[in-house]
file upload_26.txt (compact mmCIF, C-alpha atoms)
# COMPACT_ATOMS: atom_id res chain seq x y z
CA MET U 1 83.52 -50.30 -177.98
CA ASP U 2 84.57 -53.44 -176.07
CA ARG U 3 86.63 -51.31 -173.67
CA LEU U 4 83.68 -48.93 -173.07
CA ALA U 5 81.35 -51.84 -172.45
CA GLU U 6 83.77 -53.33 -169.91
CA GLN U 7 84.08 -49.98 -168.13
CA ALA U 8 80.31 -49.50 -168.03
CA GLU U 9 79.76 -53.01 -166.70
CA ALA U 10 82.38 -52.51 -163.99
CA ALA U 11 80.81 -49.16 -162.97
CA VAL U 12 77.26 -50.56 -162.86
CA SER U 13 78.39 -53.53 -160.76
CA GLN U 14 79.44 -51.08 -158.02
CA LEU U 15 76.01 -49.45 -157.77
CA SER U 16 73.45 -50.36 -155.09
CA ASP U 17 69.65 -50.07 -155.11
CA HIS U 18 69.50 -48.91 -151.48
CA GLU U 19 71.56 -47.10 -148.84
CA ILE U 20 72.38 -48.15 -145.27
CA TYR U 21 73.59 -45.51 -142.87
CA GLY U 22 74.31 -44.94 -139.23
CA ARG U 23 75.09 -41.93 -137.05
CA VAL U 24 78.27 -40.69 -135.38
CA LYS U 25 78.12 -41.27 -131.61
CA LYS U 26 81.65 -40.36 -130.53
CA VAL U 27 84.83 -38.81 -131.97
CA LEU U 28 88.07 -39.35 -130.07
CA GLY U 29 91.18 -38.14 -131.88
CA LEU U 30 90.95 -39.79 -135.29
CA LEU U 31 88.73 -42.61 -134.04
CA VAL U 32 85.03 -42.31 -134.91
CA GLU U 33 82.30 -44.46 -133.36
CA ILE U 34 79.02 -44.96 -135.26
CA ALA U 35 75.79 -46.78 -134.42
CA GLY U 36 72.59 -47.71 -136.24
CA PHE U 37 74.12 -49.78 -139.05
CA GLY U 38 72.52 -53.11 -138.13
CA GLU U 39 74.58 -56.13 -139.23
CA SER U 40 75.80 -54.63 -142.47
CA LEU U 41 79.40 -53.88 -141.42
CA SER U 42 82.51 -56.00 -140.95
CA ILE U 43 86.22 -55.33 -140.51
CA GLY U 44 87.50 -53.56 -143.63
CA SER U 45 84.09 -52.22 -144.72
CA GLN U 46 84.06 -48.74 -146.24
CA VAL U 47 81.91 -45.97 -144.75
CA HIS U 48 81.45 -42.41 -146.03
CA LEU U 49 80.88 -39.65 -143.50
CA LYS U 50 78.88 -36.71 -144.89
CA PRO U 51 79.22 -33.63 -142.66
CA PRO U 52 77.36 -30.40 -143.53
CA GLY U 53 78.76 -28.73 -146.62
CA GLY U 54 78.60 -31.73 -148.94
CA ARG U 55 82.15 -32.99 -148.31
CA ILE U 56 82.58 -36.79 -148.24
CA ILE U 57 85.13 -38.33 -145.85
CA PRO U 58 85.95 -41.97 -146.68
CA CYS U 59 86.57 -44.16 -143.62
CA GLU U 60 87.28 -47.81 -142.91
CA VAL U 61 85.95 -50.05 -140.17
CA VAL U 62 88.85 -51.17 -137.96
CA GLY U 63 86.94 -52.70 -135.04
CA PHE U 64 83.77 -52.90 -132.93
CA ARG U 65 83.02 -51.94 -129.33
CA ASP U 66 79.70 -52.16 -127.44
CA GLU U 67 77.63 -52.48 -130.64
CA HIS U 68 79.38 -49.45 -132.13
CA ALA U 69 81.64 -49.62 -135.21
CA LEU U 70 85.07 -48.01 -134.90
CA LEU U 71 86.20 -46.06 -137.97
CA LEU U 72 89.44 -44.41 -139.03
CA PRO U 73 89.33 -41.75 -141.76
CA PHE U 74 91.31 -41.46 -145.00
CA GLY U 75 91.28 -37.66 -144.58
CA LEU U 76 90.69 -34.87 -142.07
CA LEU U 77 87.64 -34.98 -139.80
CA GLU U 78 86.85 -31.27 -140.02
CA GLY U 79 83.11 -30.65 -139.75
CA VAL U 80 82.26 -34.07 -138.31
CA GLY U 81 80.11 -33.91 -135.18
CA LEU U 82 77.67 -36.03 -133.21
CA GLY U 83 74.79 -37.28 -135.33
CA CYS U 84 76.73 -36.89 -138.60
CA PRO U 85 75.37 -39.46 -141.11
CA ALA U 86 77.68 -42.36 -142.02
CA TYR U 87 76.75 -44.20 -145.22
CA VAL U 88 77.81 -47.84 -145.55
CA GLN U 89 79.39 -48.64 -148.92
CA PRO U 90 78.02 -51.91 -150.37
CA HIS U 91 81.25 -53.19 -151.96
CA ARG U 92 84.78 -53.85 -150.85
CA PRO U 93 87.32 -51.28 -152.17
CA ILE U 94 88.68 -51.99 -155.65
CA VAL U 95 90.80 -50.33 -158.32
CA LEU U 96 90.22 -50.48 -162.07
CA PRO U 97 93.73 -50.31 -163.57
CA ASP U 98 94.31 -49.83 -167.27
CA GLU U 99 97.24 -49.92 -169.70
CA ARG U 100 96.95 -46.12 -169.92
CA TRP U 101 97.97 -45.81 -166.26
CA LEU U 102 101.61 -46.21 -167.34
CA GLY U 103 103.44 -42.94 -166.83
CA ARG U 104 100.92 -41.73 -164.23
CA VAL U 105 101.22 -40.87 -160.53
CA ILE U 106 98.27 -41.76 -158.28
CA ASP U 107 97.40 -41.67 -154.58
CA GLY U 108 96.44 -44.55 -152.31
CA MET U 109 92.80 -44.35 -153.43
CA GLY U 110 93.75 -44.71 -157.10
CA ARG U 111 93.15 -41.02 -157.92
CA PRO U 112 95.52 -39.05 -160.19
CA ILE U 113 97.82 -36.52 -158.48
CA ASP U 114 100.13 -35.65 -161.38
CA GLY U 115 98.02 -32.91 -162.99
CA LYS U 116 97.68 -34.88 -166.25
CA GLY U 117 93.91 -35.07 -166.22
CA PRO U 118 91.44 -37.84 -165.31
CA LEU U 119 92.67 -41.40 -164.95
CA PRO U 120 91.14 -43.86 -167.45
CA GLN U 121 89.31 -46.72 -165.75
CA GLY U 122 89.72 -50.31 -166.91
CA GLY U 123 87.11 -53.04 -167.04
CA HIS U 124 88.70 -55.58 -164.68
CA PRO U 125 88.25 -54.70 -160.98
CA ILE U 126 91.08 -55.73 -158.68
CA PRO U 127 90.32 -55.88 -154.92
CA LEU U 128 92.72 -53.73 -152.93
CA ARG U 129 93.12 -56.52 -150.37
CA ASN U 130 93.41 -59.27 -152.92
CA LYS U 131 94.50 -62.80 -152.08
CA PRO U 132 97.68 -64.29 -153.57
CA PRO U 133 97.33 -67.10 -156.12
CA PRO U 134 96.78 -70.53 -154.50
CA PRO U 135 100.14 -72.16 -153.68
CA HIS U 136 99.42 -75.31 -155.72
CA SER U 137 98.74 -73.31 -158.90
CA ARG U 138 101.70 -70.92 -158.72
CA GLN U 139 104.49 -71.35 -161.22
CA ARG U 140 108.13 -71.65 -160.20
CA MET U 141 110.44 -68.64 -160.33
CA GLY U 142 111.72 -67.82 -163.82
CA LYS U 143 115.16 -66.97 -165.13
CA GLN U 144 117.34 -64.18 -163.73
CA LEU U 145 115.88 -60.69 -164.13
CA ASP U 146 118.25 -57.94 -165.25
CA LEU U 147 118.05 -55.07 -162.72
CA GLY U 148 120.83 -52.95 -164.21
CA VAL U 149 122.88 -52.79 -160.96
CA ARG U 150 126.23 -54.63 -161.08
CA ALA U 151 126.32 -55.56 -157.38
CA VAL U 152 122.86 -57.13 -157.61
CA ASN U 153 123.20 -58.72 -161.06
CA ALA U 154 126.52 -60.40 -160.21
CA PHE U 155 126.39 -61.08 -156.45
CA LEU U 156 122.65 -61.30 -155.76
CA ALA U 157 120.94 -62.81 -158.79
CA THR U 158 117.21 -62.05 -158.61
CA CYS U 159 114.85 -64.26 -160.61
CA ARG U 160 111.49 -63.36 -162.11
CA GLY U 161 108.89 -63.75 -159.37
CA GLN U 162 111.41 -63.53 -156.53
CA ARG U 163 110.85 -61.26 -153.51
CA MET U 164 113.84 -59.42 -152.06
CA GLY U 165 114.08 -57.12 -149.05
CA ILE U 166 116.42 -54.10 -149.17
CA PHE U 167 117.49 -53.40 -145.58
CA SER U 168 118.97 -49.98 -144.90
CA GLY U 169 119.16 -47.22 -142.34
CA SER U 170 117.93 -43.74 -143.21
CA GLY U 171 120.05 -41.78 -145.68
CA VAL U 172 122.10 -44.76 -146.89
CA GLY U 173 120.72 -44.71 -150.44
CA LYS U 174 117.96 -47.30 -150.72
CA SER U 175 115.62 -44.94 -152.64
CA VAL U 176 118.30 -44.26 -155.25
CA LEU U 177 119.00 -48.00 -155.55
CA LEU U 178 115.30 -48.70 -156.10
CA SER U 179 115.09 -45.98 -158.75
CA MET U 180 118.09 -47.45 -160.60
CA MET U 181 116.39 -50.84 -160.68
CA ALA U 182 113.12 -49.31 -161.92
CA ARG U 183 114.95 -47.38 -164.63
CA TYR U 184 117.24 -50.14 -165.93
CA THR U 185 115.23 -53.33 -165.39
CA GLU U 186 114.23 -55.50 -168.34
CA ALA U 187 110.81 -56.11 -166.73
CA ASP U 188 107.86 -54.99 -168.86
CA VAL U 189 106.29 -52.75 -166.21
CA SER U 190 107.40 -51.16 -162.93
CA VAL U 191 104.87 -50.39 -160.19
CA ILE U 192 106.38 -48.20 -157.48
CA GLY U 193 104.80 -47.51 -154.10
CA LEU U 194 106.18 -44.54 -152.13
CA VAL U 195 104.64 -45.22 -148.72
CA GLY U 196 105.14 -42.55 -146.07
CA GLU U 197 107.67 -40.71 -148.26
CA ARG U 198 108.75 -37.13 -147.55
CA GLY U 199 106.58 -34.83 -149.63
CA ARG U 200 109.44 -32.72 -150.94
CA GLU U 201 111.31 -35.80 -152.20
CA VAL U 202 108.52 -37.17 -154.43
CA GLN U 203 109.16 -34.79 -157.32
CA GLU U 204 112.92 -35.28 -156.99
CA PHE U 205 112.42 -39.04 -157.19
CA LEU U 206 110.22 -38.76 -160.29
CA GLU U 207 112.36 -36.27 -162.19
CA ASP U 208 115.95 -36.95 -161.08
CA ASP U 209 116.04 -40.58 -159.92
CA LEU U 210 113.39 -42.31 -162.04
CA GLY U 211 113.58 -39.94 -165.01
CA PRO U 212 111.22 -39.63 -168.00
CA GLU U 213 112.27 -42.99 -169.49
CA GLY U 214 111.69 -44.85 -166.24
CA LEU U 215 108.36 -43.10 -165.59
CA LYS U 216 107.09 -43.92 -169.08
CA ARG U 217 106.76 -47.61 -168.22
CA SER U 218 105.88 -47.19 -164.56
CA VAL U 219 102.88 -46.52 -162.35
CA VAL U 220 103.80 -44.61 -159.18
CA VAL U 221 101.58 -44.73 -156.07
CA VAL U 222 102.26 -42.01 -153.49
CA ALA U 223 101.16 -41.51 -149.88
CA THR U 224 103.33 -38.97 -148.07
CA GLY U 225 104.22 -39.13 -144.41
CA ASP U 226 101.75 -36.41 -143.42
CA GLU U 227 98.74 -38.41 -144.67
CA PRO U 228 96.58 -40.51 -142.30
CA ALA U 229 97.73 -44.01 -141.41
CA LEU U 230 94.90 -45.58 -143.43
CA MET U 231 96.04 -43.78 -146.59
CA ARG U 232 99.65 -44.88 -146.11
CA ARG U 233 98.55 -48.49 -145.65
CA GLN U 234 96.17 -48.21 -148.59
CA ALA U 235 99.01 -47.04 -150.87
CA ALA U 236 100.80 -50.35 -150.33
CA TYR U 237 97.61 -52.30 -151.11
CA THR U 238 97.03 -50.21 -154.25
CA THR U 239 100.61 -50.82 -155.40
CA LEU U 240 100.13 -54.59 -155.24
CA ALA U 241 96.68 -54.39 -156.84
CA VAL U 242 98.04 -52.47 -159.86
CA ALA U 243 100.95 -54.93 -160.12
CA GLU U 244 98.47 -57.84 -160.05
CA TYR U 245 96.52 -56.31 -162.94
CA PHE U 246 99.59 -56.24 -165.19
CA ARG U 247 100.62 -59.72 -163.99
CA ASP U 248 97.19 -61.06 -164.98
CA GLN U 249 97.80 -59.62 -168.46
CA GLY U 250 100.85 -61.89 -168.78
CA ARG U 251 103.38 -59.11 -168.12
CA GLU U 252 106.61 -59.33 -166.15
CA VAL U 253 106.18 -56.77 -163.36
CA LEU U 254 108.78 -55.22 -161.07
CA CYS U 255 107.02 -54.08 -157.87
CA LEU U 256 108.94 -51.69 -155.61
CA ILE U 257 107.73 -50.44 -152.22
CA ASP U 258 109.61 -47.80 -150.22
CA SER U 259 109.16 -48.60 -147.49
CA VAL U 260 107.54 -51.64 -145.88
CA THR U 261 108.54 -50.27 -142.47
CA ARG U 262 106.28 -47.25 -142.91
CA PHE U 263 103.47 -49.61 -143.92
CA ALA U 264 104.05 -51.48 -140.64
CA MET U 265 104.07 -48.19 -138.70
CA ALA U 266 100.75 -47.23 -140.28
CA GLN U 267 99.31 -50.61 -139.30
CA ARG U 268 100.64 -50.05 -135.77
CA GLU U 269 98.74 -46.74 -135.55
CA ILE U 270 95.57 -48.41 -136.82
CA GLY U 271 95.85 -51.38 -134.47
CA LEU U 272 96.55 -49.29 -131.38
CA SER U 273 93.68 -46.92 -132.21
CA ALA U 274 91.34 -49.92 -132.44
CA GLY U 275 92.43 -51.06 -128.97
CA GLU U 276 94.87 -53.86 -129.84
CA PRO U 277 97.49 -54.62 -127.19
CA PRO U 278 101.05 -53.58 -128.11
CA THR U 279 103.65 -56.33 -128.26
CA SER U 280 107.19 -56.14 -129.67
CA LYS U 281 108.34 -52.46 -129.80
CA GLY U 282 104.73 -51.35 -129.63
CA TYR U 283 103.63 -53.25 -132.74
CA PRO U 284 100.28 -55.05 -132.26
CA PRO U 285 99.97 -58.67 -133.44
CA THR U 286 98.02 -57.77 -136.62
CA THR U 287 101.02 -55.84 -137.97
CA PHE U 288 103.02 -58.97 -138.71
CA GLY U 289 100.02 -60.79 -140.17
CA GLU U 290 99.36 -57.84 -142.52
CA LEU U 291 103.03 -57.79 -143.54
CA SER U 292 102.85 -61.44 -144.55
CA ARG U 293 99.58 -60.99 -146.46
CA LEU U 294 100.98 -58.00 -148.35
CA LEU U 295 104.32 -59.52 -149.36
CA GLU U 296 102.85 -62.91 -150.30
CA ARG U 297 100.88 -61.21 -153.08
CA ALA U 298 104.12 -60.73 -155.00
CA GLY U 299 105.73 -63.69 -156.72
CA PRO U 300 104.97 -65.95 -159.69
CA GLY U 301 101.43 -66.00 -161.02
CA GLY U 302 99.31 -68.94 -162.10
CA PRO U 303 99.23 -70.63 -165.52
CA GLY U 304 99.11 -68.10 -168.36
CA GLN U 305 100.00 -65.19 -166.07
CA GLY U 306 103.18 -63.22 -165.69
CA SER U 307 105.00 -62.71 -162.40
CA ILE U 308 105.60 -59.96 -159.85
CA THR U 309 109.21 -59.55 -158.81
CA GLY U 310 109.05 -57.70 -155.50
CA LEU U 311 111.76 -55.42 -154.10
CA PHE U 312 110.70 -54.13 -150.69
CA ALA U 313 112.71 -51.50 -148.84
CA VAL U 314 112.94 -51.91 -145.07
CA LEU U 315 113.93 -48.82 -143.10
CA VAL U 316 116.06 -50.29 -140.32
CA GLU U 317 115.42 -48.34 -137.11
CA GLY U 318 118.63 -47.28 -135.36
CA ASP U 319 120.67 -49.35 -137.85
CA ASP U 320 119.52 -52.44 -135.92
CA HIS U 321 119.02 -55.14 -138.56
CA ASN U 322 117.32 -57.40 -135.99
CA GLU U 323 114.50 -55.03 -134.99
CA PRO U 324 110.99 -56.58 -135.23
CA VAL U 325 109.92 -55.43 -138.71
CA SER U 326 113.29 -56.33 -140.28
CA ASP U 327 113.21 -59.73 -138.62
CA ALA U 328 109.65 -60.41 -139.80
CA VAL U 329 110.29 -59.33 -143.40
CA ARG U 330 113.51 -61.35 -143.61
CA GLY U 331 111.51 -64.46 -142.73
CA ILE U 332 108.97 -63.82 -145.51
CA VAL U 333 111.03 -62.76 -148.52
CA ASP U 334 113.33 -64.84 -150.74
CA GLY U 335 116.53 -63.01 -149.94
CA HIS U 336 117.84 -59.75 -148.53
CA ILE U 337 120.07 -56.94 -149.75
CA VAL U 338 121.88 -55.31 -146.82
CA MET U 339 123.02 -51.70 -147.17
CA GLU U 340 125.38 -50.38 -144.51
CA ARG U 341 126.19 -46.88 -143.31
CA GLU U 342 129.90 -47.71 -142.88
CA ILE U 343 130.18 -48.54 -146.59
CA ALA U 344 128.35 -45.34 -147.57
CA ASP U 345 130.63 -43.34 -145.25
CA ARG U 346 133.67 -44.45 -147.21
CA GLY U 347 132.09 -43.26 -150.46
CA ARG U 348 130.93 -46.44 -152.14
CA PHE U 349 127.43 -46.34 -153.60
CA PRO U 350 125.27 -48.37 -153.70
CA ALA U 351 126.41 -49.25 -150.19
CA ILE U 352 125.61 -52.99 -150.43
CA ASN U 353 127.40 -55.44 -148.16
CA VAL U 354 127.67 -58.37 -150.57
CA LEU U 355 128.82 -60.80 -147.85
CA ARG U 356 125.85 -60.15 -145.54
CA SER U 357 123.33 -60.14 -148.41
CA VAL U 358 121.67 -63.33 -149.63
CA SER U 359 119.63 -64.39 -152.66
CA ARG U 360 117.76 -67.64 -152.11
CA SER U 361 117.61 -68.31 -155.85
CA LEU U 362 121.36 -69.00 -155.84
CA PRO U 363 123.16 -71.10 -156.98
CA LYS U 364 120.44 -72.44 -159.33
CA ALA U 365 119.88 -69.04 -160.95
CA LEU U 366 123.39 -69.02 -162.48
CA SER U 367 125.38 -71.31 -164.72
CA ASP U 368 128.31 -73.29 -163.29
CA GLU U 369 130.78 -70.86 -164.89
CA ARG U 370 129.11 -67.82 -163.37
CA ASN U 371 128.81 -69.50 -159.97
CA ALA U 372 132.59 -70.08 -160.11
CA ILE U 373 133.17 -66.37 -160.80
CA LEU U 374 130.88 -65.42 -157.93
CA ARG U 375 132.54 -67.81 -155.45
CA HIS U 376 136.00 -66.52 -156.35
CA ALA U 377 134.93 -62.88 -156.00
CA LYS U 378 133.30 -63.53 -152.60
CA GLN U 379 136.44 -65.34 -151.39
CA VAL U 380 138.51 -62.29 -152.34
CA VAL U 381 136.19 -59.89 -150.48
CA SER U 382 135.97 -62.19 -147.44
CA SER U 383 139.75 -62.71 -147.25
CA TYR U 384 140.40 -58.98 -147.42
CA GLU U 385 137.77 -57.99 -144.85
CA ASP U 386 138.92 -60.67 -142.40
CA MET U 387 142.40 -59.13 -142.43
CA ALA U 388 141.39 -55.52 -143.06
CA GLU U 389 142.58 -54.15 -139.70
CA LEU U 390 145.99 -55.80 -139.95
CA ILE U 391 146.39 -54.62 -143.53
CA ARG U 392 145.52 -51.01 -142.63
CA LEU U 393 147.93 -51.06 -139.66
CA GLY U 394 150.71 -52.50 -141.83
CA ALA U 395 150.95 -55.55 -139.58
CA TYR U 396 150.36 -58.07 -142.36
CA ARG U 397 153.54 -59.41 -144.01
CA LYS U 398 153.28 -60.05 -147.71
CA GLY U 399 153.68 -63.75 -148.52
CA SER U 400 152.16 -65.00 -145.26
CA ASP U 401 148.97 -66.17 -146.99
CA PRO U 402 148.53 -66.42 -150.79
CA LYS U 403 144.77 -65.80 -150.55
CA VAL U 404 145.29 -62.59 -148.60
CA ASP U 405 147.98 -61.50 -151.07
CA GLU U 406 145.51 -62.02 -153.91
CA ALA U 407 142.82 -60.16 -151.97
CA ILE U 408 145.09 -57.14 -151.39
CA LYS U 409 145.72 -57.02 -155.15
CA LEU U 410 142.13 -57.52 -156.33
CA TYR U 411 140.00 -55.90 -153.61
CA PRO U 412 140.33 -52.30 -154.89
CA GLN U 413 139.18 -53.45 -158.34
CA ILE U 414 136.15 -55.24 -156.86
CA GLU U 415 135.32 -52.12 -154.82
CA GLN U 416 135.41 -50.13 -158.06
CA PHE U 417 133.19 -52.75 -159.71
CA LEU U 418 130.64 -52.44 -156.89
CA THR U 419 130.63 -48.63 -157.16
CA GLN U 420 128.01 -47.44 -159.64
CA ASP U 421 126.60 -44.03 -160.47
CA LYS U 422 122.80 -43.79 -160.67
CA ASP U 423 123.04 -42.77 -164.35
CA ASP U 424 125.09 -45.85 -165.24
CA GLY U 425 123.17 -49.07 -166.03
CA THR U 426 125.00 -52.37 -166.55
CA ASP U 427 123.32 -55.54 -167.85
CA ILE U 428 123.91 -59.08 -166.57
CA ASP U 429 126.34 -60.19 -169.29
CA GLU U 430 128.52 -57.10 -168.95
CA SER U 431 128.46 -57.39 -165.14
CA PHE U 432 129.83 -60.94 -165.22
CA ALA U 433 132.31 -60.14 -168.00
CA ARG U 434 133.80 -57.31 -165.91
CA LEU U 435 133.86 -59.39 -162.73
CA ALA U 436 135.49 -62.35 -164.55
CA LYS U 437 138.18 -60.03 -165.89
CA ILE U 438 138.95 -58.85 -162.34
CA VAL U 439 139.17 -62.27 -160.66
CA GLY U 440 140.73 -64.02 -163.68
CA THR U 441 138.01 -66.66 -164.02
CA SER U 442 136.48 -67.28 -167.42
CA GLY U 443 132.73 -67.74 -167.76
CA GLY U 444 129.70 -66.90 -169.83
call {"tool": "encode", "arguments": {"input": "upload_26.txt", "output": "structure tokens"}}
result
Amino acid sequence: MDRLAEQAEAAVSQLSDHEIYGRVKKVLGLLVEIAGFGESLSIGSQVHLKPPGGRIIPCEVVGFRDEHALLLPFGLLEGVGLGCPAYVQPHRPIVLPDERWLGRVIDGMGRPIDGKGPLPQGGHPIPLRNKPPPPHSRQRMGKQLDLGVRAVNAFLATCRGQRMGIFSGSGVGKSVLLSMMARYTEADVSVIGLVGERGREVQEFLEDDLGPEGLKRSVVVVATGDEPALMRRQAAYTTLAVAEYFRDQGREVLCLIDSVTRFAMAQREIGLSAGEPPTSKGYPPTTFGELSRLLERAGPGGPGQGSITGLFAVLVEGDDHNEPVSDAVRGIVDGHIVMEREIADRGRFPAINVLRSVSRSLPKALSDERNAILRHAKQVVSSYEDMAELIRLGAYRKGSDPKVDEAIKLYPQIEQFLTQDKDDGTDIDESFARLAKIVGTSGG
């Protein structure tokens, strides 16, 4: 009864005793101009267009021009013409997550798309564009979170409430890496946002990569690449809103978004349509502000709350790790995992470059013994890669440098350690035990 009362109260709070509406004055591409709304609209307000036939087209206000409001739709504009009524929605967009959302697949508007029936609504509304907890009330990052991937557990310790970027070109394996983390993590809940994903790959991700066990404790938010820019951007907001609900319940949440770059591209489309001037690589200034606002929502919660550990994939355009979105994200997050095509080409998956990757929770996240193991392993990899060309050409003479001699002996074993099949999960203790055995350093 308490749950029903909460749901009823949340539903009633969204009702209004009157309607405000305007009329469509111009349609240019996907941009709709309306007039007659008075002073009831602001940036981010929701408006419903109602063309003949009874269909409702949700839209969002993205700007103003000459006393007209500029809207972008969440769907197709078929049937919309001059004079079409546009009804102003009285409340900011929210979602009403619930424990029973686990195992479900939803779209950017919080509607079910998995064919499993209606989605139960909770009693605690979460604004889609929520603010992060105040800095002075946030807790510190917690202990290391087990992500089930040896390369990350051993070389790139990720703490509860930490935010990491996964930087990769297309086809290098970032989606598979994210699915491994979602499947094997010790976090209580995984919330996964597939933003701008290829439509045909969604079912493959759910069934083959995530699997039934991973899906059972996950909520998956999907907006495919063919959907409007607003819907792709909204999917990222919905992902964080659902993660915030579980965080507020005291849960440890793993939040994965694939990819932040497509979120930025959607924001670029929205900004340019609203008349913003393009700056770096065509991205308008609001893109980088929106990136910061989105990623800052992940992290530790306030007193009595859980935390959101964020893993955000960045699709590196042209394999240029210094392009604008990559550069902006790297300055926001608490570390970066770099995946490289050259490593994937030689058959090692996940294709993580452990020397170029950084976790800003190190060295505090690990004990002294484990830090010693990690330092030794990195020295071996660095020594080998510095001399790799000479070694391959046969120009290095054994005995010239003891560190290089050790690296030649141990490097193949470390490469094997870093190679991991997607069906093979390895916890933190086993990861360090195997790495210690390779480098001959004891630790616990």
call {"tool": "atom_distance", "arguments": {"input": "upload_26.txt", "atom1": "atom CA of His68 of chain U", "atom2": "atom CA of Arg23 of chain U"}}
result
10.0 Å
call {"tool": "residues_around", "arguments": {"input": "upload_26.txt", "residues": "Glu78 of chain U", "least_positions_apart": "3", "cutoff": "10 Å", "atoms": "all atoms listed in the file", "output": "JSON, numbers by chain"}}
result
{"U": [51, 55, 57, 75, 81]}
call {"tool": "atom_distance", "arguments": {"input": "upload_26.txt", "atom1": "atom CA of Ala407 of chain U", "atom2": "atom CA of Ile428 of chain U"}}
result
23.9 Å
call {"tool": "residues_around", "arguments": {"input": "upload_26.txt", "residues": "Val176 of chain U", "least_positions_apart": "4", "cutoff": "12 Å", "atoms": "only C-alpha atoms", "output": "ChimeraX atom specification"}}
result
/U:149,166,168,171-172,180-183,201,204-206,208-211,256,258,313,339,349-351,420-423
call {"tool": "residues_around", "arguments": {"input": "upload_26.txt", "residues": "Phe417 of chain U", "least_positions_apart": "6", "cutoff": "9 Å", "atoms": "only C-alpha atoms", "output": "JSON, numbers by chain"}}
result
{"U": [150, 151, 431, 434, 435, 438]}
call {"tool": "atom_distance", "arguments": {"input": "upload_26.txt", "atom1": "atom CA of Leu147 of chain U", "atom2": "atom CA of Val358 of chain U"}}
result
15.9 Å
call {"tool": "residues_around", "arguments": {"input": "upload_26.txt", "residues": "segment 264-279 of chain U", "least_positions_apart": "4", "cutoff": "6 Å", "atoms": "all atoms listed in the file", "output": "number ranges by chain"}}
result
U: 63, 229, 233, 283-284, 287
call {"tool": "write_last_selection", "arguments": {"input": "upload_26.txt", "atoms": "C-alpha atoms", "output": "short mmCIF file (atom, residue, chain, number, x, y, z; two decimals), keeping the file's coordinate frame"}}
result
data_model
loop_
_atom_site.label_atom_id
_atom_site.label_comp_id
_atom_site.auth_asym_id
_atom_site.auth_seq_id
_atom_site.Cartn_x
_atom_site.Cartn_y
_atom_site.Cartn_z
CA GLY U 63 86.94 -52.70 -135.04
CA ALA U 229 97.73 -44.01 -141.41
CA ARG U 233 98.55 -48.49 -145.65
CA TYR U 283 103.63 -53.25 -132.74
CA PRO U 284 100.28 -55.05 -132.26
CA THR U 287 101.02 -55.84 -137.97
#
call {"tool": "closest_residue", "arguments": {"input": "upload_26.txt", "among": "U:Gly310, U:Gly214, U:Gly440, U:Gly250", "to": "Gln413 of chain U", "atoms": "only C-alpha atoms"}}
result
U:Gly440
call {"tool": "residues_around", "arguments": {"input": "upload_26.txt", "residues": "Glu415 of chain U", "least_positions_apart": "5", "cutoff": "9 Å", "atoms": "only C-alpha atoms", "output": "mmCIF file with C-alpha atoms, keeping the file's coordinate frame"}}
result
data_model
loop_
_atom_site.group_PDB
_atom_site.id
_atom_site.type_symbol
_atom_site.label_atom_id
_atom_site.label_comp_id
_atom_site.auth_asym_id
_atom_site.auth_seq_id
_atom_site.Cartn_x
_atom_site.Cartn_y
_atom_site.Cartn_z
ATOM 1 C CA ARG U 348 130.930 -46.440 -152.140
ATOM 2 C CA VAL U 381 136.190 -59.890 -150.480
ATOM 3 C CA LEU U 410 142.130 -57.520 -156.330
#
call {"tool": "residues_near_point", "arguments": {"input": "upload_26.txt", "point": "(125.8, -62.6, -150.6)", "cutoff": "9 Å", "atoms": "only C-alpha atoms", "output": "VMD selection string"}}
result
chain U and resid 155 to 156 336 to 337 353 to 359 378
call {"tool": "closest_residue", "arguments": {"input": "upload_26.txt", "among": "U:Ile408, U:Val338, U:Ile192, U:Val439", "to": "Leu390 of chain U", "atoms": "only C-alpha atoms"}}
result
U:Ile408
call {"tool": "residues_near_point", "arguments": {"input": "upload_26.txt", "point": "(110.9, -65.9, -158.9)", "cutoff": "9 Å", "atoms": "all atoms listed in the file", "output": "PyMOL selection string"}}
result
chain U and resi 139-145+158-163+299-300+307-309+334+361
call {"tool": "write_last_selection", "arguments": {"input": "upload_26.txt", "atoms": "C-alpha atoms", "output": "CSV table (one decimal), keeping the file's coordinate frame"}}
result
chain,number,residue,atom,x,y,z
U,139,GLN,CA,104.5,-71.4,-161.2
U,140,ARG,CA,108.1,-71.6,-160.2
U,141,MET,CA,110.4,-68.6,-160.3
U,142,GLY,CA,111.7,-67.8,-163.8
U,143,LYS,CA,115.2,-67.0,-165.1
U,144,GLN,CA,117.3,-64.2,-163.7
U,145,LEU,CA,115.9,-60.7,-164.1
U,158,THR,CA,117.2,-62.0,-158.6
U,159,CYS,CA,114.8,-64.3,-160.6
U,160,ARG,CA,111.5,-63.4,-162.1
U,161,GLY,CA,108.9,-63.8,-159.4
U,162,GLN,CA,111.4,-63.5,-156.5
U,163,ARG,CA,110.8,-61.3,-153.5
U,299,GLY,CA,105.7,-63.7,-156.7
U,300,PRO,CA,105.0,-66.0,-159.7
U,307,SER,CA,105.0,-62.7,-162.4
U,308,ILE,CA,105.6,-60.0,-159.8
U,309,THR,CA,109.2,-59.6,-158.8
U,334,ASP,CA,113.3,-64.8,-150.7
U,361,SER,CA,117.6,-68.3,-155.8
call {"tool": "closest_residue", "arguments": {"input": "upload_26.txt", "among": "U:Ile352, U:Val62, U:Ile257, U:Val27", "to": "Gln46 of chain U", "atoms": "all atoms listed in the file"}}
result
U:Val62
call {"tool": "closest_residue", "arguments": {"input": "upload_26.txt", "among": "U:Ser367, U:Gln89, U:Ser42, U:Thr286", "to": "Glu67 of chain U", "atoms": "all atoms listed in the file"}}
result
U:Ser42
